[in-house]
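Visitor: Following this line is input16.cif, made up of mmCIF, C-alpha atoms:
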```
data_start
#
loop_
_atom_site.label_atom_id
_atom_site.label_comp_id
_atom_site.auth_asym_id
_atom_site.auth_seq_id
_atom_site.Cartn_x
_atom_site.Cartn_y
_atom_site.Cartn_z
CA MET X 14 -45.63 -11.63 -25.06
CA ASP X 15 -42.13 -11.15 -26.51
CA PHE X 16 -41.88 -14.10 -28.92
CA ALA X 17 -38.35 -13.12 -30.00
CA ALA X 18 -37.14 -13.34 -26.39
CA LEU X 19 -39.01 -16.64 -25.93
CA HIS X 20 -37.45 -18.06 -29.11
CA ARG X 21 -34.01 -16.97 -27.97
CA ALA X 22 -34.51 -18.55 -24.53
CA VAL X 23 -35.66 -21.84 -26.08
CA SER X 24 -32.71 -21.82 -28.50
CA ASP X 25 -30.31 -21.39 -25.59
CA VAL X 26 -31.51 -24.58 -23.88
CA PRO X 27 -28.75 -27.20 -24.34
CA THR X 28 -29.63 -30.43 -26.16
CA ASP X 29 -27.43 -32.52 -23.88
CA SER X 30 -25.69 -32.25 -20.53
CA ARG X 31 -21.97 -32.92 -20.14
CA TYR X 32 -20.13 -32.79 -16.87
CA GLY X 33 -16.91 -33.78 -15.17
CA ARG X 34 -16.02 -34.01 -11.51
CA VAL X 35 -13.73 -32.06 -9.22
CA SER X 36 -10.59 -34.11 -8.59
CA ALA X 37 -8.64 -31.59 -6.50
CA VAL X 38 -8.67 -28.02 -5.15
CA LYS X 39 -5.28 -26.29 -5.07
CA GLY X 40 -5.23 -22.72 -3.81
CA LEU X 41 -7.41 -20.70 -6.20
CA LEU X 42 -7.61 -23.53 -8.75
CA VAL X 43 -10.20 -26.25 -9.12
CA GLN X 44 -8.98 -29.36 -10.96
CA VAL X 45 -11.70 -31.04 -13.05
CA CYS X 46 -11.41 -34.48 -14.64
CA GLY X 47 -13.61 -36.39 -17.07
CA ALA X 48 -14.65 -33.53 -19.36
CA GLN X 49 -11.34 -32.44 -20.88
CA ARG X 50 -12.42 -33.27 -24.47
CA SER X 51 -15.29 -30.77 -24.18
CA LEU X 52 -13.17 -27.96 -22.72
CA ALA X 53 -10.69 -25.34 -23.95
CA ILE X 54 -9.04 -22.25 -22.51
CA GLY X 55 -11.83 -19.78 -21.65
CA SER X 56 -14.55 -22.44 -21.47
CA ARG X 57 -17.19 -21.99 -18.78
CA LEU X 58 -18.09 -24.48 -16.10
CA GLU X 59 -20.77 -24.49 -13.42
CA ILE X 60 -19.74 -26.43 -10.34
CA GLU X 61 -22.37 -27.85 -8.02
CA PRO X 62 -21.06 -27.32 -4.45
CA ARG X 63 -22.02 -29.36 -1.40
CA SER X 64 -24.52 -26.62 -0.57
CA GLY X 65 -25.66 -23.42 -2.20
CA PRO X 66 -26.15 -22.32 -5.82
CA LEU X 67 -24.05 -23.36 -8.81
CA GLN X 68 -20.74 -21.50 -9.02
CA GLN X 69 -19.46 -20.18 -12.34
CA CYS X 70 -15.87 -20.99 -13.25
CA GLU X 71 -13.58 -20.43 -16.22
CA VAL X 72 -10.91 -22.80 -17.54
CA VAL X 73 -7.50 -21.11 -17.33
CA GLY X 74 -5.21 -24.06 -18.05
CA PHE X 75 -4.67 -27.82 -18.23
CA ASP X 76 -2.54 -30.19 -16.22
CA GLY X 77 -2.12 -33.52 -17.99
CA GLY X 78 -5.65 -34.71 -18.70
CA ASP X 79 -7.36 -32.41 -16.17
CA ALA X 80 -8.72 -28.92 -16.63
CA LEU X 81 -7.70 -26.12 -14.24
CA ALA X 82 -10.51 -23.67 -13.49
CA MET X 83 -10.94 -20.54 -11.38
CA SER X 84 -14.18 -19.43 -9.76
CA PHE X 85 -15.92 -16.09 -10.36
CA SER X 86 -17.08 -16.01 -6.75
CA GLY X 87 -15.47 -18.30 -4.18
CA LEU X 88 -14.57 -21.90 -3.49
CA GLU X 89 -16.78 -22.36 -0.44
CA GLY X 90 -18.62 -25.69 -0.54
CA ILE X 91 -16.58 -27.11 -3.43
CA GLY X 92 -14.91 -30.44 -2.74
CA VAL X 93 -13.61 -33.55 -4.46
CA GLY X 94 -16.37 -35.31 -6.41
CA CYS X 95 -18.57 -32.25 -7.02
CA LYS X 96 -20.13 -32.17 -10.48
CA ALA X 97 -18.75 -29.61 -12.96
CA TYR X 98 -21.23 -28.96 -15.78
CA VAL X 99 -19.87 -27.83 -19.17
CA ARG X 100 -21.55 -24.76 -20.63
CA ASP X 101 -21.29 -24.37 -24.41
CA ASP X 102 -22.43 -20.78 -24.70
CA GLU X 103 -19.69 -18.21 -25.22
CA PRO X 104 -19.68 -15.42 -22.61
CA ALA X 105 -21.94 -12.72 -24.05
CA ILE X 106 -24.51 -10.08 -23.09
CA LEU X 107 -27.64 -8.62 -24.68
CA PRO X 108 -27.35 -4.87 -24.07
CA SER X 109 -29.87 -2.20 -24.99
CA GLU X 110 -30.40 1.56 -24.71
CA ALA X 111 -32.38 0.89 -21.52
CA TRP X 112 -29.12 0.05 -19.74
CA LEU X 113 -28.26 3.76 -19.60
CA GLY X 114 -28.40 5.04 -16.04
CA ARG X 115 -27.71 1.59 -14.59
CA VAL X 116 -24.90 0.02 -12.56
CA VAL X 117 -23.88 -3.55 -13.41
CA ASN X 118 -21.31 -6.11 -12.28
CA ALA X 119 -18.80 -7.96 -14.44
CA LEU X 120 -21.41 -10.53 -15.48
CA GLY X 121 -23.77 -7.85 -16.79
CA GLU X 122 -26.13 -8.24 -13.82
CA PRO X 123 -27.75 -5.18 -12.19
CA ILE X 124 -26.41 -4.23 -8.76
CA ASP X 125 -28.22 -0.90 -8.28
CA GLY X 126 -31.49 -2.29 -6.91
CA LYS X 127 -33.52 -0.89 -9.82
CA GLY X 128 -34.84 -4.21 -11.07
CA PRO X 129 -33.83 -6.47 -13.98
CA LEU X 130 -32.14 -5.14 -17.10
CA PRO X 131 -34.12 -5.20 -20.37
CA GLN X 132 -32.41 -7.49 -22.87
CA GLY X 133 -31.61 -6.30 -26.38
CA PRO X 134 -31.87 -8.34 -29.60
CA VAL X 135 -28.14 -8.48 -30.46
CA ARG X 136 -25.74 -10.77 -28.63
CA LYS X 137 -22.36 -9.12 -27.97
CA LYS X 138 -19.33 -11.20 -27.04
CA ILE X 139 -17.61 -10.02 -23.86
CA LYS X 140 -14.15 -10.83 -25.21
CA ALA X 141 -14.41 -9.47 -28.73
CA SER X 142 -11.52 -8.78 -31.08
CA PRO X 143 -10.57 -5.22 -32.08
CA PRO X 144 -11.81 -4.08 -35.52
CA PRO X 145 -9.38 -4.75 -38.41
CA ALA X 146 -6.86 -1.92 -38.69
CA HIS X 147 -7.37 -1.41 -42.44
CA SER X 148 -11.14 -0.92 -42.09
CA ARG X 149 -11.12 1.58 -39.25
CA ALA X 150 -11.94 5.24 -39.71
CA ARG X 151 -9.41 7.89 -38.71
CA VAL X 152 -9.69 9.91 -35.50
CA GLY X 153 -12.18 12.74 -35.80
CA GLU X 154 -12.44 16.34 -34.67
CA ARG X 155 -11.19 17.45 -31.28
CA VAL X 156 -13.33 16.75 -28.23
CA ASP X 157 -14.21 19.29 -25.55
CA VAL X 158 -13.41 17.58 -22.22
CA GLY X 159 -14.19 20.63 -20.07
CA VAL X 160 -10.74 20.71 -18.37
CA ARG X 161 -8.60 23.72 -19.33
CA ALA X 162 -5.22 22.01 -18.97
CA LEU X 163 -6.27 19.15 -21.26
CA ASN X 164 -8.26 21.17 -23.79
CA SER X 165 -5.34 23.54 -24.35
CA PHE X 166 -2.14 21.55 -23.82
CA VAL X 167 -3.15 17.88 -24.34
CA THR X 168 -6.05 18.12 -26.77
CA CYS X 169 -7.96 14.88 -27.32
CA CYS X 170 -9.76 13.96 -30.54
CA LYS X 171 -12.82 11.80 -31.21
CA GLY X 172 -11.70 8.16 -31.19
CA GLN X 173 -8.37 8.84 -29.47
CA ARG X 174 -7.11 6.71 -26.57
CA MET X 175 -5.31 8.45 -23.71
CA GLY X 176 -3.74 7.24 -20.49
CA ILE X 177 -3.88 9.10 -17.17
CA PHE X 178 -0.70 8.17 -15.27
CA ALA X 179 -0.58 8.95 -11.56
CA GLY X 180 0.47 7.59 -8.19
CA SER X 181 -2.05 6.90 -5.42
CA GLY X 182 -3.70 9.96 -3.89
CA VAL X 183 -2.67 12.41 -6.64
CA GLY X 184 -6.23 13.06 -7.84
CA LYS X 185 -6.78 10.88 -10.90
CA SER X 186 -10.23 9.74 -9.71
CA VAL X 187 -11.35 13.37 -9.32
CA LEU X 188 -10.03 14.16 -12.81
CA LEU X 189 -11.89 11.11 -14.12
CA SER X 190 -15.12 12.36 -12.55
CA MET X 191 -14.66 15.77 -14.24
CA LEU X 192 -14.16 14.05 -17.59
CA ALA X 193 -17.25 11.89 -17.03
CA ARG X 194 -19.45 14.94 -16.42
CA TYR X 195 -18.01 17.49 -18.81
CA THR X 196 -16.82 15.62 -21.94
CA ALA X 197 -18.96 16.21 -25.02
CA ALA X 198 -20.11 12.66 -25.94
CA ASP X 199 -23.37 10.83 -26.59
CA VAL X 200 -22.81 8.06 -24.05
CA ALA X 201 -20.34 7.38 -21.24
CA VAL X 202 -19.34 3.85 -20.20
CA ILE X 203 -17.36 3.83 -16.95
CA GLY X 204 -15.47 0.81 -15.65
CA LEU X 205 -14.45 0.83 -11.97
CA ILE X 206 -11.98 -2.05 -11.85
CA GLY X 207 -10.72 -3.18 -8.44
CA GLU X 208 -12.22 -0.07 -6.83
CA ARG X 209 -12.57 0.37 -3.07
CA GLY X 210 -16.09 -0.62 -2.08
CA ARG X 211 -16.80 2.55 -0.08
CA GLU X 212 -15.82 4.79 -3.04
CA VAL X 213 -18.34 3.38 -5.51
CA GLN X 214 -21.38 5.11 -4.00
CA GLU X 215 -19.36 8.30 -3.50
CA PHE X 216 -18.42 8.29 -7.19
CA LEU X 217 -22.00 7.69 -8.30
CA GLU X 218 -23.61 10.32 -6.07
CA ASP X 219 -20.95 13.03 -5.60
CA ASP X 220 -18.71 12.82 -8.67
CA LEU X 221 -20.96 11.53 -11.46
CA GLY X 222 -24.26 12.86 -10.11
CA GLU X 223 -27.81 12.19 -11.27
CA GLU X 224 -27.43 14.06 -14.58
CA GLY X 225 -24.15 12.33 -15.41
CA LEU X 226 -25.57 8.89 -14.64
CA LYS X 227 -28.50 9.38 -17.03
CA ARG X 228 -26.22 9.10 -20.06
CA ALA X 229 -23.85 6.51 -18.54
CA ILE X 230 -23.48 2.83 -17.73
CA VAL X 231 -21.19 2.03 -14.79
CA VAL X 232 -19.49 -1.38 -14.56
CA VAL X 233 -18.21 -2.20 -11.07
CA ALA X 234 -15.86 -4.91 -9.79
CA THR X 235 -14.57 -4.05 -6.32
CA SER X 236 -11.19 -5.06 -4.93
CA ASP X 237 -12.65 -7.88 -2.84
CA GLU X 238 -14.03 -9.68 -5.90
CA SER X 239 -12.17 -12.47 -7.69
CA ALA X 240 -9.49 -11.84 -10.30
CA LEU X 241 -11.82 -13.25 -12.99
CA MET X 242 -14.51 -10.72 -12.09
CA ARG X 243 -12.04 -7.82 -12.17
CA ARG X 244 -10.66 -8.90 -15.54
CA GLN X 245 -14.10 -9.49 -17.05
CA ALA X 246 -15.35 -6.10 -15.81
CA ALA X 247 -12.70 -4.43 -17.99
CA HIS X 248 -13.76 -6.46 -21.05
CA LEU X 249 -17.44 -5.78 -20.35
CA THR X 250 -16.72 -2.03 -20.24
CA LEU X 251 -15.33 -2.23 -23.79
CA THR X 252 -18.17 -4.50 -24.96
CA LEU X 253 -20.79 -1.97 -23.87
CA SER X 254 -18.77 0.81 -25.51
CA GLU X 255 -18.67 -1.18 -28.76
CA TYR X 256 -22.45 -1.67 -28.66
CA PHE X 257 -23.10 2.09 -28.70
CA ARG X 258 -20.22 2.73 -31.13
CA ASP X 259 -21.79 0.32 -33.60
CA LYS X 260 -24.96 2.43 -33.38
CA ASP X 261 -22.88 5.34 -34.78
CA GLN X 262 -22.65 7.12 -31.43
CA HIS X 263 -19.66 8.87 -29.87
CA VAL X 264 -18.81 6.92 -26.72
CA LEU X 265 -16.64 8.14 -23.87
CA CYS X 266 -15.02 5.05 -22.29
CA LEU X 267 -13.45 5.67 -18.87
CA MET X 268 -11.60 2.94 -16.99
CA ASP X 269 -10.11 3.13 -13.52
CA SER X 270 -7.74 1.41 -13.66
CA VAL X 271 -5.82 -0.58 -16.28
CA THR X 272 -3.22 -1.44 -13.63
CA ARG X 273 -5.77 -3.39 -11.59
CA PHE X 274 -6.81 -5.23 -14.75
CA ALA X 275 -3.15 -6.19 -15.23
CA MET X 276 -2.89 -7.27 -11.60
CA ALA X 277 -5.97 -9.49 -12.02
CA GLN X 278 -4.44 -11.07 -15.14
CA ARG X 279 -1.18 -11.59 -13.25
CA GLU X 280 -3.07 -13.36 -10.45
CA ILE X 281 -4.81 -15.63 -12.98
CA GLY X 282 -1.56 -16.37 -14.83
CA LEU X 283 0.41 -17.20 -11.69
CA ALA X 284 -2.37 -19.48 -10.43
CA GLY X 285 -2.34 -21.28 -13.80
CA GLY X 286 1.41 -21.92 -13.59
CA GLU X 287 2.80 -19.15 -15.83
CA PRO X 288 6.37 -18.05 -15.10
CA PRO X 289 6.63 -14.57 -13.53
CA THR X 290 8.69 -11.91 -15.33
CA THR X 291 9.33 -8.26 -14.41
CA LYS X 292 7.75 -7.42 -11.02
CA GLY X 293 5.93 -10.76 -11.10
CA TYR X 294 3.83 -9.94 -14.19
CA THR X 295 3.26 -12.96 -16.41
CA PRO X 296 3.66 -12.98 -20.22
CA THR X 297 -0.12 -13.06 -20.79
CA VAL X 298 -0.45 -9.66 -19.08
CA PHE X 299 1.48 -7.99 -21.89
CA GLY X 300 -0.54 -9.94 -24.46
CA GLU X 301 -3.92 -9.05 -22.94
CA LEU X 302 -3.23 -5.31 -22.55
CA PRO X 303 -3.22 -4.50 -26.30
CA ARG X 304 -6.17 -6.86 -26.89
CA LEU X 305 -8.18 -4.82 -24.39
CA LEU X 306 -7.01 -1.30 -25.24
CA GLU X 307 -7.11 -1.72 -29.05
CA ARG X 308 -10.86 -2.29 -28.82
CA ALA X 309 -11.26 1.45 -28.17
CA GLY X 310 -10.86 3.96 -30.97
CA PRO X 311 -12.70 4.75 -34.22
CA GLY X 312 -15.08 2.14 -35.55
CA GLN X 313 -15.83 1.01 -39.09
CA GLY X 314 -18.73 3.46 -39.37
CA ASN X 315 -19.41 6.91 -37.95
CA GLY X 316 -19.22 5.80 -34.32
CA ALA X 317 -16.09 6.04 -32.19
CA ILE X 318 -14.87 5.19 -28.71
CA THR X 319 -12.78 7.91 -27.06
CA GLY X 320 -10.93 6.03 -24.33
CA LEU X 321 -9.38 7.49 -21.18
CA PHE X 322 -7.66 4.86 -19.03
CA THR X 323 -6.03 5.52 -15.68
CA VAL X 324 -2.73 3.83 -14.84
CA LEU X 325 -1.70 3.56 -11.19
CA VAL X 326 2.10 3.94 -11.18
CA GLU X 327 3.65 2.12 -8.23
CA GLY X 328 5.92 4.27 -6.10
CA ASP X 329 5.46 7.20 -8.54
CA ASP X 330 7.68 5.29 -10.98
CA HIS X 331 6.33 6.24 -14.40
CA ASN X 332 8.63 3.69 -16.05
CA GLU X 333 7.34 0.61 -14.22
CA PRO X 334 6.33 -2.30 -16.53
CA ILE X 335 2.59 -1.67 -16.90
CA ALA X 336 2.93 2.10 -17.34
CA ASP X 337 5.66 1.55 -19.93
CA ALA X 338 3.59 -1.02 -21.85
CA VAL X 339 0.38 1.05 -21.81
CA ARG X 340 2.21 4.22 -22.87
CA GLY X 341 3.39 2.41 -26.00
CA ILE X 342 -0.13 1.22 -26.89
CA LEU X 343 -2.15 4.40 -26.39
CA ASP X 344 -2.32 7.61 -28.44
CA GLY X 345 -1.05 9.88 -25.71
CA HIS X 346 -0.49 10.18 -21.99
CA ILE X 347 -1.54 12.60 -19.26
CA VAL X 348 1.03 12.70 -16.45
CA MET X 349 -0.06 13.71 -12.95
CA GLU X 350 2.64 14.45 -10.37
CA ARG X 351 2.59 14.35 -6.59
CA ALA X 352 4.82 17.44 -6.29
CA ILE X 353 2.21 19.53 -8.15
CA ALA X 354 -0.60 18.18 -5.94
CA GLU X 355 1.44 18.92 -2.81
CA ARG X 356 1.62 22.60 -3.68
CA GLY X 357 -2.17 22.72 -4.04
CA ARG X 358 -2.70 22.88 -7.78
CA TYR X 359 -5.44 20.55 -9.05
CA PRO X 360 -5.75 18.76 -11.37
CA ALA X 361 -2.05 18.01 -10.79
CA ILE X 362 -1.22 17.63 -14.51
CA ASN X 363 2.34 18.18 -15.67
CA VAL X 364 1.56 19.61 -19.10
CA LEU X 365 5.24 19.54 -20.14
CA LYS X 366 5.45 15.77 -19.67
CA SER X 367 1.99 15.06 -21.11
CA VAL X 368 1.62 14.25 -24.81
CA SER X 369 -1.28 13.98 -27.25
CA ARG X 370 -0.29 12.28 -30.50
CA THR X 371 -2.99 14.17 -32.42
CA MET X 372 -1.35 17.51 -31.66
CA PRO X 373 -0.60 19.92 -33.25
CA ALA X 374 -2.60 18.70 -36.28
CA CYS X 375 -5.92 19.37 -34.50
CA HIS X 376 -5.07 23.05 -33.83
CA GLY X 377 -5.17 26.07 -36.09
CA PRO X 378 -2.02 28.20 -36.62
CA GLU X 379 -3.00 30.77 -33.97
CA GLU X 380 -3.79 28.10 -31.38
CA GLN X 381 -0.52 26.30 -32.10
CA ALA X 382 1.40 29.54 -31.55
CA VAL X 383 -0.38 30.19 -28.23
CA VAL X 384 0.25 26.68 -26.90
CA LYS X 385 3.88 26.71 -28.05
CA ALA X 386 4.55 30.04 -26.34
CA ALA X 387 2.89 28.92 -23.08
CA ARG X 388 4.90 25.69 -23.07
CA GLN X 389 8.13 27.62 -23.61
CA HIS X 390 7.43 29.93 -20.66
CA LEU X 391 6.58 27.00 -18.39
CA SER X 392 9.68 25.12 -19.54
CA VAL X 393 12.01 28.07 -18.96
CA TYR X 394 10.58 28.61 -15.48
CA GLY X 395 10.88 24.88 -14.71
CA ASP X 396 14.57 24.88 -15.70
CA MET X 397 15.33 27.85 -13.43
CA GLU X 398 12.86 27.09 -10.64
CA GLU X 399 15.40 25.98 -8.03
CA MET X 400 17.60 29.04 -8.58
CA ILE X 401 14.56 31.34 -8.42
CA ARG X 402 13.35 29.80 -5.16
CA LEU X 403 16.82 30.06 -3.61
CA GLY X 404 17.10 33.69 -4.71
CA ALA X 405 20.19 32.94 -6.79
CA TYR X 406 18.71 34.44 -9.95
CA ARG X 407 18.90 38.20 -10.51
CA ARG X 408 16.15 39.83 -12.53
CA GLY X 409 17.44 41.34 -15.75
CA THR X 410 20.02 38.63 -16.37
CA ASN X 411 17.90 36.84 -18.99
CA PRO X 412 14.80 38.41 -20.60
CA ASP X 413 13.24 34.99 -21.32
CA VAL X 414 13.52 34.02 -17.66
CA ASP X 415 12.18 37.39 -16.55
CA LYS X 416 9.11 36.98 -18.75
CA ALA X 417 8.60 33.40 -17.55
CA ILE X 418 8.71 34.60 -13.92
CA ALA X 419 6.15 37.29 -14.71
CA LEU X 420 3.74 34.92 -16.52
CA THR X 421 4.04 31.73 -14.44
CA PRO X 422 1.64 32.76 -11.61
CA ALA X 423 -1.10 33.48 -14.18
CA LEU X 424 -0.36 30.24 -16.08
CA GLU X 425 -0.48 28.24 -12.83
CA ALA X 426 -3.84 29.85 -11.99
CA PHE X 427 -5.05 28.95 -15.50
CA LEU X 428 -4.07 25.29 -14.99
CA ASN X 429 -5.80 25.20 -11.59
CA GLN X 430 -9.46 24.19 -11.83
CA SER X 431 -12.00 23.04 -9.25
CA LYS X 432 -14.05 19.94 -10.01
CA GLU X 433 -17.29 21.97 -10.07
CA GLU X 434 -15.92 24.26 -12.80
CA ARG X 435 -16.16 23.61 -16.54
CA THR X 436 -14.24 25.46 -19.27
CA GLY X 437 -14.92 24.95 -22.98
CA LEU X 438 -12.33 24.66 -25.74
CA ASP X 439 -12.73 28.18 -27.09
CA ASP X 440 -12.83 29.77 -23.63
CA GLY X 441 -9.64 27.96 -22.67
CA PHE X 442 -7.67 29.23 -25.67
CA LYS X 443 -9.10 32.72 -25.18
CA GLY X 444 -7.96 32.74 -21.53
CA LEU X 445 -4.50 31.51 -22.49
CA GLN X 446 -4.23 34.18 -25.19
CA GLU X 447 -5.15 36.90 -22.69
CA ILE X 448 -2.42 35.75 -20.29
CA LEU X 449 0.27 35.74 -22.98
CA GLY X 450 -0.99 38.94 -24.57
CA GLY X 451 -0.83 40.71 -21.21
#
```
Once you've parsed the file, please lay out its structure as structure tokens.
Guide:
Amino acid sequence: MDFAALHRAVSDVPTDSRYGRVSAVKGLLVQVCGAQRSLAIGSRLEIEPRSGPLQQCEVVGFDGGDALAMSFSGLEGIGVGCKAYVRDDEPAILPSEAWLGRVVNALGEPIDGKGPLPQGPVRKKIKASPPPAHSRARVGERVDVGVRALNSFVTCCKGQRMGIFAGSGVGKSVLLSMLARYTAADVAVIGLIGERGREVQEFLEDDLGEEGLKRAIVVVATSDESALMRRQAAHLTLTLSEYFRDKDQHVLCLMDSVTRFAMAQREIGLAGGEPPTTKGYTPTVFGELPRLLERAGPGQGNGAITGLFTVLVEGDDHNEPIADAVRGILDGHIVMERAIAERGRYPAINVLKSVSRTMPACHGPEEQAVVKAARQHLSVYGDMEEMIRLGAYRRGTNPDVDKAIALTPALEAFLNQSKEERTGLDDGFKGLQEILGG
């Protein structure tokens, strides 16, 4: 018998029971009266509906003397007069190494049909604060992500946070699956936030695969779930990453997508009466984004969280509010463009518009020279591309343009990579050197 678990369960039993009652239901909000002195923003309630199990809710605001709460599931069966029990415990989970290979929801409950999750000894808060800036370690050595375009042109380091910016249908989910399988890390924690329900099983079986899942935990909140579930799934993804980071492991944290987290926060803010700002996003959205993303990065010990977060840019506008805010928080950005995907080159990364803030410090002199030369050739070709396609450029007019025309097909082939193919750091630089040397 596990006496530690028994002691913990007994300690969690409340000494008293406090409750209020539902006074009104307005849209997505449940108004609760009679318990306002026991509640604060973020407090948890369990409402007893007319029929069915207790429904978890979270306090998102106050109106006069009443608390305004939103449900994690739905409002079916909730009416005026229903009891709303106050729960003192702060939202937390008890993760362990045995969670690897499992799929959980935003509440930390298993949804893969493999039985209950073993509980660990350490309670981890779901909404934790980022580590103090002055006590954090610096980013470490460069990380092999297995994708040639990123390894060579947008090199990522251990503990770095990068954004993948792309419109819908440009291939960011496929790129994410390549990173999940090929990146050199001890553990992968993958958050699918607001994902289409049909794509979850496809991602697990086709993209991640059995081998990839063995070293990963997948947190899922589909698009049909409540805004609270979608928001909490993002926080839970970082909480699980922090658990393994604090065990001095290198954690790869992948989240698809930060935009849907922001949309969930916008939905919560608007329901709570916040004023909308640019494109309807509420002020709390721009406060919650850094609180979430700053949790990734180097820890206070030897562990680190290397974070890769996708950002869905609406209408291919890379300057829309969320993309602009996230770009200012992260340590680099990977830009994917529809025009590149339309001409059949995948992953559709525009290496000239992508930036890693750890470069060129993570490269040696020879590697810096190779990358710089390749960028120059791609840039020269990009500037003259329209004239070349129209046949308005005559060979021999400019030697730099002539060389760019000669090298671009090989560079484009180098940047093209199927999702079943993996290329290491050294092999990537060697291939790039051969192209330029030829």
Visitor: List, as a PyMOL selection string, every residue that the PyMOL selection byres ((chain X and resi 330-337) around 12) selects in the file provided.
Guide: chain X and resi 176-181+270-276+278-279+290-296+298-303+322-329+338-343+346-351+366-367
Visitor: Give me a file of those residues, with C-alpha atoms, as an mmCIF file, in the frame of the given file.
Guide:
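Saved file result24.cif follows:
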```cif
data_model
loop_
_atom_site.group_PDB
_atom_site.id
_atom_site.type_symbol
_atom_site.label_atom_id
_atom_site.label_comp_id
_atom_site.auth_asym_id
_atom_site.auth_seq_id
_atom_site.Cartn_x
_atom_site.Cartn_y
_atom_site.Cartn_z
ATOM 1 C CA GLY X 176 -3.740 7.240 -20.490
ATOM 2 C CA ILE X 177 -3.880 9.100 -17.170
ATOM 3 C CA PHE X 178 -0.700 8.170 -15.270
ATOM 4 C CA ALA X 179 -0.580 8.950 -11.560
ATOM 5 C CA GLY X 180 0.470 7.590 -8.190
ATOM 6 C CA SER X 181 -2.050 6.900 -5.420
ATOM 7 C CA SER X 270 -7.740 1.410 -13.660
ATOM 8 C CA VAL X 271 -5.820 -0.580 -16.280
ATOM 9 C CA THR X 272 -3.220 -1.440 -13.630
ATOM 10 C CA ARG X 273 -5.770 -3.390 -11.590
ATOM 11 C CA PHE X 274 -6.810 -5.230 -14.750
ATOM 12 C CA ALA X 275 -3.150 -6.190 -15.230
ATOM 13 C CA MET X 276 -2.890 -7.270 -11.600
ATOM 14 C CA GLN X 278 -4.440 -11.070 -15.140
ATOM 15 C CA ARG X 279 -1.180 -11.590 -13.250
ATOM 16 C CA THR X 290 8.690 -11.910 -15.330
ATOM 17 C CA THR X 291 9.330 -8.260 -14.410
ATOM 18 C CA LYS X 292 7.750 -7.420 -11.020
ATOM 19 C CA GLY X 293 5.930 -10.760 -11.100
ATOM 20 C CA TYR X 294 3.830 -9.940 -14.190
ATOM 21 C CA THR X 295 3.260 -12.960 -16.410
ATOM 22 C CA PRO X 296 3.660 -12.980 -20.220
ATOM 23 C CA VAL X 298 -0.450 -9.660 -19.080
ATOM 24 C CA PHE X 299 1.480 -7.990 -21.890
ATOM 25 C CA GLY X 300 -0.540 -9.940 -24.460
ATOM 26 C CA GLU X 301 -3.920 -9.050 -22.940
ATOM 27 C CA LEU X 302 -3.230 -5.310 -22.550
ATOM 28 C CA PRO X 303 -3.220 -4.500 -26.300
ATOM 29 C CA PHE X 322 -7.660 4.860 -19.030
ATOM 30 C CA THR X 323 -6.030 5.520 -15.680
ATOM 31 C CA VAL X 324 -2.730 3.830 -14.840
ATOM 32 C CA LEU X 325 -1.700 3.560 -11.190
ATOM 33 C CA VAL X 326 2.100 3.940 -11.180
ATOM 34 C CA GLU X 327 3.650 2.120 -8.230
ATOM 35 C CA GLY X 328 5.920 4.270 -6.100
ATOM 36 C CA ASP X 329 5.460 7.200 -8.540
ATOM 37 C CA ALA X 338 3.590 -1.020 -21.850
ATOM 38 C CA VAL X 339 0.380 1.050 -21.810
ATOM 39 C CA ARG X 340 2.210 4.220 -22.870
ATOM 40 C CA GLY X 341 3.390 2.410 -26.000
ATOM 41 C CA ILE X 342 -0.130 1.220 -26.890
ATOM 42 C CA LEU X 343 -2.150 4.400 -26.390
ATOM 43 C CA HIS X 346 -0.490 10.180 -21.990
ATOM 44 C CA ILE X 347 -1.540 12.600 -19.260
ATOM 45 C CA VAL X 348 1.030 12.700 -16.450
ATOM 46 C CA MET X 349 -0.060 13.710 -12.950
ATOM 47 C CA GLU X 350 2.640 14.450 -10.370
ATOM 48 C CA ARG X 351 2.590 14.350 -6.590
ATOM 49 C CA LYS X 366 5.450 15.770 -19.670
ATOM 50 C CA SER X 367 1.990 15.060 -21.110
#
```
Visitor: Expressed in Å to a single decimal, how great is the separation between CA of Glu425 (chain X) and CA of Tyr195 (chain X)?
Guide: 21.4 Å
Visitor: How close does each residue of region 281-391 of chain X get to region 30-51 of chain X, giving the shortest atom pair and distance in Å to one decimal for every residue with an atom at most 12 Å away, counting all atoms listed in the file, sorted by chain and residue number, as JSON lines?
Guide:
```
{"residue": "X:Ile281", "atom": "CA", "partner": "X:Leu41", "partner_atom": "CA", "distance": 8.9}
{"residue": "X:Gly282", "atom": "CA", "partner": "X:Leu42", "partner_atom": "CA", "distance": 11.2}
{"residue": "X:Leu283", "atom": "CA", "partner": "X:Leu41", "partner_atom": "CA", "distance": 10.2}
{"residue": "X:Ala284", "atom": "CA", "partner": "X:Leu41", "partner_atom": "CA", "distance": 6.7}
{"residue": "X:Gly285", "atom": "CA", "partner": "X:Leu42", "partner_atom": "CA", "distance": 7.6}
{"residue": "X:Gly286", "atom": "CA", "partner": "X:Leu42", "partner_atom": "CA", "distance": 10.4}
```
Visitor: Can you spell out as a ChimeraX atom specification the set of residues that the PyMOL selection byres ((chain X and resi 229) around 6) selects in the structure I just provided?
Guide: /X:113-114,200-202,226-228,230
Visitor: For Gly450 (chain X), please output as a PyMOL selection string all residues within 12 Å (counting only C-alpha atoms; exclusion window: fewer than 3 positions along the same chain).
Guide: chain X and resi 382-383+386-387+416+420+423+442-447
Visitor: For CA of Val233 (chain X) and CA of Pro360 (chain X), determine how far apart the two atoms are, in Å to one decimal place.
Guide: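 So the answer is 24.4 Å.
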